[in-house]
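Source file run.cif; content: mmCIF, C-alpha atoms and all ligand atoms.
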data_final
loop_
_atom_site.label_atom_id
_atom_site.label_comp_id
_atom_site.auth_asym_id
_atom_site.auth_seq_id
_atom_site.Cartn_x
_atom_site.Cartn_y
_atom_site.Cartn_z
CA MET A 250 0.00 0.00 0.00
CA LYS A 251 1.23 3.49 -0.82
CA VAL A 252 1.43 6.04 2.01
CA SER A 253 -0.83 8.24 -0.12
CA GLU A 254 -3.54 5.56 0.19
CA LEU A 255 -3.16 5.24 3.96
CA GLY A 256 -3.05 9.02 4.52
CA GLU A 257 -0.93 11.03 6.96
CA PHE A 258 -3.00 10.27 10.04
CA GLY A 259 -3.39 6.58 9.19
CA LEU A 260 0.38 6.35 8.87
CA ILE A 261 0.92 8.08 12.23
CA ASP A 262 -1.46 5.58 13.90
CA LEU A 263 0.42 2.65 12.33
CA LEU A 264 3.85 3.92 13.39
CA ALA A 265 2.64 4.85 16.88
CA LYS A 266 1.40 1.26 17.35
CA MET A 267 4.79 -0.06 16.20
CA ALA A 268 6.67 2.25 18.55
CA GLY A 269 4.52 1.04 21.44
CA GLY A 270 4.20 2.54 24.93
CA GLY A 271 6.88 4.30 26.88
CA ASP A 272 8.51 3.91 30.25
CA GLU A 273 7.19 4.99 33.61
CA ARG A 274 8.60 8.50 33.26
CA LEU A 275 6.84 9.15 29.95
CA LEU A 276 3.80 11.43 30.33
CA ILE A 277 2.86 12.06 26.68
CA GLY A 278 4.13 9.98 23.74
CA ILE A 279 3.27 10.11 20.03
CA GLY A 280 0.09 12.05 19.18
CA ASP A 281 0.41 15.42 20.87
CA ASP A 282 2.15 18.70 19.98
CA ALA A 283 5.26 17.53 21.84
CA ALA A 284 6.43 14.54 23.85
CA ALA A 285 6.60 15.04 27.61
CA TRP A 286 8.41 13.11 30.32
CA GLN A 287 9.19 13.61 33.96
CA GLY A 288 12.76 14.82 34.30
CA ASP A 289 14.62 14.91 37.61
CA ASP A 290 13.49 18.45 38.42
CA SER A 291 10.79 19.33 35.91
CA ILE A 292 8.70 18.04 33.02
CA GLN A 293 10.80 17.91 29.84
CA LEU A 294 9.34 18.55 26.37
CA ALA A 295 10.59 17.63 22.89
CA SER A 296 9.22 18.01 19.39
CA VAL A 297 10.52 17.76 15.83
CA ASP A 298 9.23 19.38 12.63
CA SER A 299 10.37 19.27 9.00
CA PHE A 300 10.23 22.18 6.61
CA VAL A 301 10.61 20.97 3.04
CA GLU A 302 11.10 22.92 -0.21
CA GLY A 303 8.10 22.58 -2.48
CA VAL A 304 5.88 21.35 0.39
CA HIS A 305 6.18 23.88 3.23
CA PHE A 306 7.84 26.65 1.30
CA THR A 307 9.01 27.66 -2.15
CA PRO A 308 11.93 30.06 -2.59
CA GLU A 309 9.65 32.12 -4.88
CA THR A 310 7.15 32.92 -2.10
CA THR A 311 9.39 32.73 0.97
CA PRO A 312 12.77 34.53 1.25
CA TRP A 313 15.47 32.42 2.99
CA GLN A 314 15.46 34.58 6.13
CA GLU A 315 11.77 33.86 6.51
CA VAL A 316 12.28 30.14 5.79
CA GLY A 317 14.61 30.07 8.81
CA TRP A 318 12.29 32.11 11.00
CA LYS A 319 9.26 30.02 10.14
CA ALA A 320 10.97 26.63 10.43
CA LEU A 321 11.83 27.44 14.04
CA ALA A 322 8.59 29.31 14.80
CA VAL A 323 6.42 26.26 14.10
CA ASN A 324 8.53 24.26 16.57
CA LEU A 325 8.29 26.89 19.27
CA SER A 326 4.55 26.95 18.68
CA ASP A 327 4.36 23.24 19.55
CA ILE A 328 6.08 23.96 22.87
CA ALA A 329 3.62 26.85 23.42
CA ALA A 330 0.75 24.40 22.84
CA MET A 331 2.11 22.29 25.73
CA GLY A 332 2.33 25.30 28.05
CA GLY A 333 6.13 25.01 28.12
CA ILE A 334 9.23 27.13 27.62
CA PRO A 335 11.54 26.32 24.67
CA ARG A 336 15.25 26.02 25.55
CA TYR A 337 17.47 24.28 22.99
CA ALA A 338 17.22 23.46 19.30
CA LEU A 339 19.03 20.99 17.00
CA VAL A 340 18.94 21.87 13.32
CA ALA A 341 19.33 19.30 10.52
CA LEU A 342 19.84 20.92 7.12
CA SER A 343 19.45 19.13 3.78
CA LEU A 344 21.05 21.16 0.98
CA THR A 345 21.46 20.69 -2.75
CA ASP A 346 24.77 20.78 -4.65
CA ASP A 347 24.02 24.28 -5.87
CA SER A 348 22.65 25.74 -2.62
CA GLU A 349 24.23 29.18 -2.09
CA VAL A 350 26.19 29.85 1.10
CA GLU A 351 24.53 33.30 1.25
CA ASP A 352 21.09 31.66 1.24
CA VAL A 353 22.03 29.23 4.02
CA ALA A 354 23.46 32.12 6.04
CA ALA A 355 20.26 34.11 5.47
CA LEU A 356 18.19 31.11 6.60
CA TYR A 357 20.28 30.83 9.76
CA SER A 358 20.08 34.55 10.51
CA GLY A 359 16.27 34.40 10.32
CA MET A 360 16.26 31.43 12.66
CA LEU A 361 18.71 33.06 15.09
CA LYS A 362 16.66 36.25 15.22
CA LEU A 363 13.67 34.31 16.52
CA ALA A 364 15.81 32.08 18.76
CA LYS A 365 17.28 35.14 20.45
CA GLN A 366 13.87 36.68 20.97
CA TYR A 367 12.66 33.56 22.84
CA GLY A 368 15.87 32.65 24.66
CA VAL A 369 16.45 29.51 22.57
CA THR A 370 20.02 28.30 21.91
CA ILE A 371 20.92 26.27 18.83
CA VAL A 372 23.22 23.58 20.20
CA GLY A 373 23.82 21.21 17.31
CA GLY A 374 22.54 19.66 14.13
CA ASP A 375 23.49 17.92 10.93
CA ILE A 376 24.12 18.77 7.29
CA SER A 377 23.35 16.42 4.41
CA ARG A 378 23.26 16.55 0.61
CA ALA A 379 19.76 16.07 -0.82
CA PRO A 380 17.76 16.63 -4.03
CA LEU A 381 16.00 19.59 -2.41
CA VAL A 382 16.34 21.86 0.61
CA ALA A 383 14.80 20.70 3.89
CA ILE A 384 15.17 21.84 7.47
CA ALA A 385 14.30 19.53 10.37
CA ILE A 386 14.39 21.13 13.79
CA THR A 387 14.22 19.33 17.11
CA ILE A 388 13.21 21.59 19.96
CA LEU A 389 13.75 20.79 23.63
CA GLY A 390 11.86 22.61 26.34
CA SER A 391 10.48 22.24 29.82
CA SER A 392 7.50 23.09 31.93
CA PRO A 393 8.08 25.58 34.73
CA THR A 394 5.06 24.37 36.74
CA GLN A 395 4.75 20.57 36.66
CA LYS A 396 1.58 21.08 34.63
CA ILE A 397 1.23 20.77 30.87
CA LEU A 398 -1.45 21.24 28.22
CA THR A 399 -2.44 18.14 26.24
CA ARG A 400 -4.84 17.30 23.42
CA SER A 401 -6.39 14.41 25.33
CA SER A 402 -8.01 16.09 28.33
CA ALA A 403 -11.10 17.81 26.83
CA GLN A 404 -14.41 17.03 28.52
CA ALA A 405 -18.01 17.31 27.37
CA GLY A 406 -19.58 20.59 28.47
CA GLU A 407 -16.36 22.59 28.25
CA ILE A 408 -16.11 25.77 26.14
CA VAL A 409 -13.92 25.80 23.02
CA ALA A 410 -11.93 29.03 22.73
CA VAL A 411 -9.15 30.48 20.62
CA THR A 412 -6.49 33.18 21.06
CA GLY A 413 -6.06 35.97 18.49
CA GLN A 414 -7.68 36.10 15.06
CA LEU A 415 -7.64 33.59 12.20
CA GLY A 416 -7.27 33.41 8.44
CA ALA A 417 -4.45 35.90 7.85
CA ALA A 418 -1.70 33.34 7.15
CA ALA A 419 -3.71 31.43 4.53
CA ALA A 420 -4.79 34.72 2.96
CA GLY A 421 -1.14 35.85 2.97
CA LEU A 422 -0.08 32.76 1.04
CA GLU A 423 -2.63 33.54 -1.67
CA VAL A 424 -1.31 37.09 -1.87
CA LEU A 425 2.30 35.80 -2.10
CA LYS A 426 1.29 33.47 -4.92
CA GLY A 427 -0.07 36.50 -6.77
CA GLN A 428 -3.63 35.23 -6.64
CA ARG A 429 -4.98 38.43 -5.11
CA ARG A 430 -3.92 42.08 -5.48
CA LEU A 431 -4.48 44.31 -2.45
CA ASP A 432 -3.62 47.80 -1.25
CA PRO A 433 -0.03 48.01 0.09
CA GLU A 434 -1.01 48.00 3.78
CA ALA A 435 -3.24 44.92 3.54
CA ASP A 436 -0.67 43.26 1.28
CA THR A 437 2.14 43.69 3.83
CA ARG A 438 -0.03 42.69 6.77
CA LEU A 439 -1.22 39.41 5.25
CA LYS A 440 2.14 38.42 3.73
CA ASN A 441 3.72 39.05 7.12
CA ALA A 442 1.16 36.81 8.86
CA PHE A 443 2.22 33.95 6.57
CA LEU A 444 5.98 34.60 6.63
CA HIS A 445 6.43 35.67 10.28
CA PRO A 446 4.17 33.60 12.54
CA THR A 447 4.52 34.34 16.25
CA PRO A 448 4.79 31.41 18.64
CA HIS A 449 2.46 32.10 21.58
CA ILE A 450 4.71 31.01 24.42
CA ALA A 451 3.39 33.57 26.93
CA GLU A 452 -0.21 32.66 26.12
CA GLY A 453 0.52 28.93 26.61
CA LEU A 454 2.01 29.64 30.04
CA LEU A 455 -0.98 31.83 30.88
CA LEU A 456 -3.41 29.03 29.96
CA VAL A 457 -1.64 26.64 32.33
CA ASP A 458 -1.62 29.32 35.03
CA GLN A 459 -5.38 29.84 34.75
CA GLY A 460 -6.12 26.12 35.03
CA VAL A 461 -6.59 25.17 31.36
CA LYS A 462 -5.63 21.53 30.67
CA THR A 463 -6.35 21.09 26.96
CA ALA A 464 -4.78 22.92 24.01
CA ILE A 465 -3.33 22.59 20.52
CA ASP A 466 -1.72 25.15 18.21
CA ILE A 467 -3.52 25.87 14.94
CA SER A 468 -1.17 24.61 12.25
CA ASP A 469 -3.38 22.56 9.91
CA GLY A 470 -6.56 24.66 10.28
CA LEU A 471 -9.09 25.41 13.03
CA VAL A 472 -11.49 22.60 12.17
CA ALA A 473 -8.73 20.03 11.52
CA ASP A 474 -6.94 20.87 14.77
CA LEU A 475 -10.15 20.88 16.82
CA ASN A 476 -10.75 17.46 15.34
CA GLN A 477 -7.37 16.36 16.74
CA ILE A 478 -8.49 17.40 20.24
CA CYS A 479 -11.76 15.48 19.72
CA LYS A 480 -9.92 12.36 18.56
CA ALA A 481 -7.37 12.43 21.39
CA SER A 482 -10.01 13.20 24.05
CA GLN A 483 -12.70 10.92 22.58
CA VAL A 484 -15.28 13.68 22.54
CA GLY A 485 -17.10 15.74 19.92
CA ALA A 486 -17.27 19.50 19.39
CA ARG A 487 -19.89 21.95 18.19
CA LEU A 488 -18.34 24.94 16.47
CA GLU A 489 -20.44 28.09 15.90
CA VAL A 490 -18.85 29.42 12.71
CA GLU A 491 -20.16 33.00 13.09
CA ARG A 492 -18.30 33.35 16.40
CA VAL A 493 -14.92 32.51 14.84
CA PRO A 494 -12.70 35.64 15.03
CA VAL A 495 -11.75 36.29 11.41
CA GLU A 496 -8.83 38.72 10.99
CA PRO A 497 -10.34 42.08 9.82
CA THR A 498 -8.02 42.50 6.79
CA VAL A 499 -9.03 39.03 5.61
CA LYS A 500 -12.70 39.96 6.03
CA THR A 501 -12.26 43.06 3.87
CA ALA A 502 -9.98 41.57 1.23
CA PHE A 503 -11.49 38.10 0.88
CA SER A 504 -15.11 38.88 1.85
CA GLU A 505 -16.87 35.76 0.56
CA ARG A 506 -13.98 33.39 1.33
CA ALA A 507 -12.83 34.93 4.64
CA LEU A 508 -14.65 32.48 6.89
CA GLU A 509 -13.39 29.49 4.92
CA LEU A 510 -9.79 30.76 5.25
CA ALA A 511 -10.27 31.15 9.02
CA LEU A 512 -11.84 27.70 9.43
CA SER A 513 -9.51 25.64 7.26
CA GLY A 514 -6.57 27.81 6.19
CA GLY A 515 -4.11 26.88 8.90
CA GLU A 516 -0.65 28.24 9.78
CA ASP A 517 -2.01 30.96 12.07
CA TYR A 518 -0.33 29.28 15.08
CA GLU A 519 -2.90 30.67 17.51
CA LEU A 520 -3.79 28.46 20.49
CA LEU A 521 -7.06 26.53 20.50
CA PHE A 522 -8.12 25.37 23.96
CA THR A 523 -10.99 23.98 25.99
CA ALA A 524 -11.95 24.73 29.59
CA SER A 525 -14.90 25.51 31.84
CA ALA A 526 -16.77 28.78 31.15
CA GLU A 527 -15.34 30.16 34.39
CA ILE A 528 -11.73 29.43 33.41
CA VAL A 529 -12.25 30.82 29.86
CA ASP A 530 -13.52 34.06 31.48
CA LYS A 531 -10.42 34.23 33.68
CA VAL A 532 -8.17 33.69 30.63
CA LYS A 533 -10.01 36.47 28.76
CA LYS A 534 -9.39 38.91 31.60
CA ALA A 535 -5.73 37.96 32.06
CA ALA A 536 -4.69 37.72 28.40
CA SER A 537 -3.23 40.63 26.46
CA CYS A 538 -4.60 39.20 23.18
CA PRO A 539 -8.22 38.61 22.16
CA VAL A 540 -9.68 35.36 23.48
CA THR A 541 -12.93 34.19 21.86
CA ALA A 542 -15.33 31.40 22.80
CA ILE A 543 -16.37 29.66 19.60
CA GLY A 544 -18.20 26.54 20.63
CA GLU A 545 -18.40 23.68 23.08
CA ILE A 546 -17.19 20.15 23.65
CA THR A 547 -19.93 17.52 23.36
CA ALA A 548 -20.28 13.84 24.22
CA GLY A 549 -20.41 12.96 20.50
CA LYS A 550 -17.66 12.38 17.96
CA GLY A 551 -15.94 14.74 15.51
CA VAL A 552 -16.53 18.43 14.84
CA THR A 553 -20.00 19.70 13.92
CA LEU A 554 -20.18 23.14 12.32
CA VAL A 555 -23.32 25.20 12.89
CA ASP A 556 -24.48 28.69 11.87
CA LYS A 557 -26.22 31.32 14.04
CA GLU A 558 -29.56 29.50 13.86
CA GLY A 559 -27.96 26.18 14.77
CA ASN A 560 -28.27 24.80 11.23
CA PRO A 561 -25.46 22.64 9.84
CA PHE A 562 -22.73 24.63 8.05
CA LYS A 563 -20.92 22.98 5.14
CA LEU A 564 -17.18 23.45 4.69
CA ALA A 565 -15.47 22.68 1.39
CA LYS A 566 -12.11 21.52 2.80
CA ALA A 567 -11.35 20.78 6.45
CA GLY A 568 -7.59 21.37 6.54
CA TRP A 569 -4.16 20.31 5.50
CA GLU A 570 -3.09 16.66 5.40
CA HIS A 571 0.18 15.36 3.94
CA PHE A 572 -0.55 12.53 1.43
MG MG A 601 1.14 21.53 16.83
#
Transcribe the structure of this file into C-alpha cells.
Ligand SMILES: [Mg+2]
Amino acid sequence: MKVSELGEFGLIDLLAKMAGGGDERLLIGIGDDAAAWQGDDSIQLASVDSFVEGVHFTPETTPWQEVGWKALAVNLSDIAAMGGIPRYALVALSLTDDSEVEDVAALYSGMLKLAKQYGVTIVGGDISRAPLVAIAITILGSSPTQKILTRSSAQAGEIVAVTGQLGAAAAGLEVLKGQRRLDPEADTRLKNAFLHPTPHIAEGLLLVDQGVKTAIDISDGLVADLNQICKASQVGARLEVERVPVEPTVKTAFSERALELALSGGEDYELLFTASAEIVDKVKKAASCPVTAIGEITAGKGVTLVDKEGNPFKLAKAGWEHF
C-alpha cells in the first residue's frame, strides 16, 4: 500500500502502534504537539518538525530569512501548545549541490533572530546533501510548573476558545502566490502573517496558570486541529462558525472566502483550547490578546459546524493533510 492511500493520520497511527508505549517517566508519547516526560526536576518537552522545499515553502514565495524564521517558529509553537518554555534546538539541514552559502546564512540569521527573541540556543545539528532543501528542527523545552497542556483532556460541556484572530496566514499565502492584489497595507499585513508567525509562548504559560488543561496550536486549520483534540479526548465539538474571530483585513480583502480561510486555512499558530466557562472568562481577563469562545465540547464524535440558527454549516475543505 502506498502512504498516499493510507493518509498522513493513518500512517501516524500505524507507526505509533509499532513504537509502542513508553517507560514509567513518559507522560505524553506520540500524538500530541510535543512529547513530555518527567525529568529529575521538571517536566521535559521535545518536538521535531520538518520544513521541506516545495511542500512547506518555495523560494519564490518565501525569502530564505523567513524560511529560517518560520521553520523554528512552528517548533516553538508546539512547545507553546504544551504550556512550556523552549530552551534548545538541534537543526538538521538538507542542501542541494548548488545551494548558495549566502542563502544558508540568510536562513540561519532568520532562525537566530527568533531564537534570540525567545531565549532559545541552537546547540547542534546535521548537514546532508539532498535533491531539495529541507530543514528539520528538534526543539527541547520544559514546563516551569509541573503542569502541561495536552490534546487528550477535553471534557463534554467545556467551552472551546481560541487566542487571536484567524485566516491571515492562509490569505497571505494567496497574496504571495499573486492570486490576489491588495492595497499596500493589507498586502504587507497578510504576507507578514504567513511569513512571520509568532509562537504564543506567553499565552501557553498563561493558559496553564489559569487552570486550562487542553490545548493545541492551529497549524493545519481550526477545524482540523479541533478534530485532533476530539480524537485524542474521545469527545465531539460543536463549532459556531459565526463566532470565529476572522482577521479584519481578511474579512475586507477576501469577503466571501474569509470564513473558509479562518476555518480551514491553517498556519495561524494561535492556540485553540478547551476549559470551563469560568476558566475561559479568567483567561479572557488575564490575556493581552483577544480570546474568543467559539463553541463547546460535546459527548459525540468529531466536529459539527453550525451557523447562528444552529443549522449545519458545510465546509469545502477541512484542513491540510500530507498525502
Ligand atoms: Mg502543533
Would you kindly return, as a PyMOL selection string, each protein, DNA or RNA residue with an atom no farther than 10 Å from any atom of range 561-566 of chain A, considering only C-alpha atoms and excluding same-chain residues fewer than 3 positions away?
-> chain A and resi 470+472-473+488-490+508-510+512-514+553-558+569
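Among A:Ala526, A:Ala285, A:Val457, A:Ile328, the residue with the shortest atom-to-atom distance to ligand MG 601 (chain A), counting all atoms listed in the file, is A:Ile328.
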With 5 Å on each side, where is the centre of the axis-aligned box around all listed atoms of range 264-278 of chain A, and how long are its edges in Å to one decimal, as lines of an AutoDock Vina configuration file?
center_x = 5.0
center_y = 6.0
center_z = 23.5
size_x = 17.2
size_y = 22.1
size_z = 30.2
Shell around Val532 in chain A at 12 Å using all atoms listed in the file, local window under 3 positions removed, as number ranges by chain = A: 410-412, 452-461, 522-529, 535-542
Between A:Thr437, A:Ser326, A:Gln414, A:Thr547, single out the one closest to Ala507 in chain A, counting all atoms listed in the file.
-> A:Gln414
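The space separating CA of Ile388 in chain A from CA of Ala330 in chain A comes to 13.1 Å.
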Which residue, A:Lys533, A:Arg438, A:His449, A:Lys550, has the smallest gap to Leu325 in chain A when you use all atoms listed in the file?
-> A:His449
Residues of chain A within 7 Å of ligand MG 601 (chain A): nearest atom pair and distance (Å, one decimal) for each, counting only C-alpha atoms and all ligand atoms, sorted by chain and number, as a Markdown table?
| residue | atom | partner | partner_atom | distance |
| --- | --- | --- | --- | --- |
| A:Asp282 | CA | A:MG601 | MG | 4.4 |
| A:Ser326 | CA | A:MG601 | MG | 6.7 |
| A:Asp327 | CA | A:MG601 | MG | 4.5 |
| A:Ala330 | CA | A:MG601 | MG | 6.7 |
| A:Ile465 | CA | A:MG601 | MG | 5.9 |
| A:Asp466 | CA | A:MG601 | MG | 4.8 |
| A:Ile467 | CA | A:MG601 | MG | 6.6 |
| A:Ser468 | CA | A:MG601 | MG | 6.0 |
Would you save the residues of that selection, restricted to C-alpha atoms, as a tab-separated table (two decimals), in the frame of the given file?
chain	number	residue	atom	x	y	z
A	282	ASP	CA	2.15	18.70	19.98
A	326	SER	CA	4.55	26.95	18.68
A	327	ASP	CA	4.36	23.24	19.55
A	330	ALA	CA	0.75	24.40	22.84
A	465	ILE	CA	-3.33	22.59	20.52
A	466	ASP	CA	-1.72	25.15	18.21
A	467	ILE	CA	-3.52	25.87	14.94
A	468	SER	CA	-1.17	24.61	12.25
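The space between CA of Gly333 in chain A and CA of Phe300 in chain A spans 22.1 Å.
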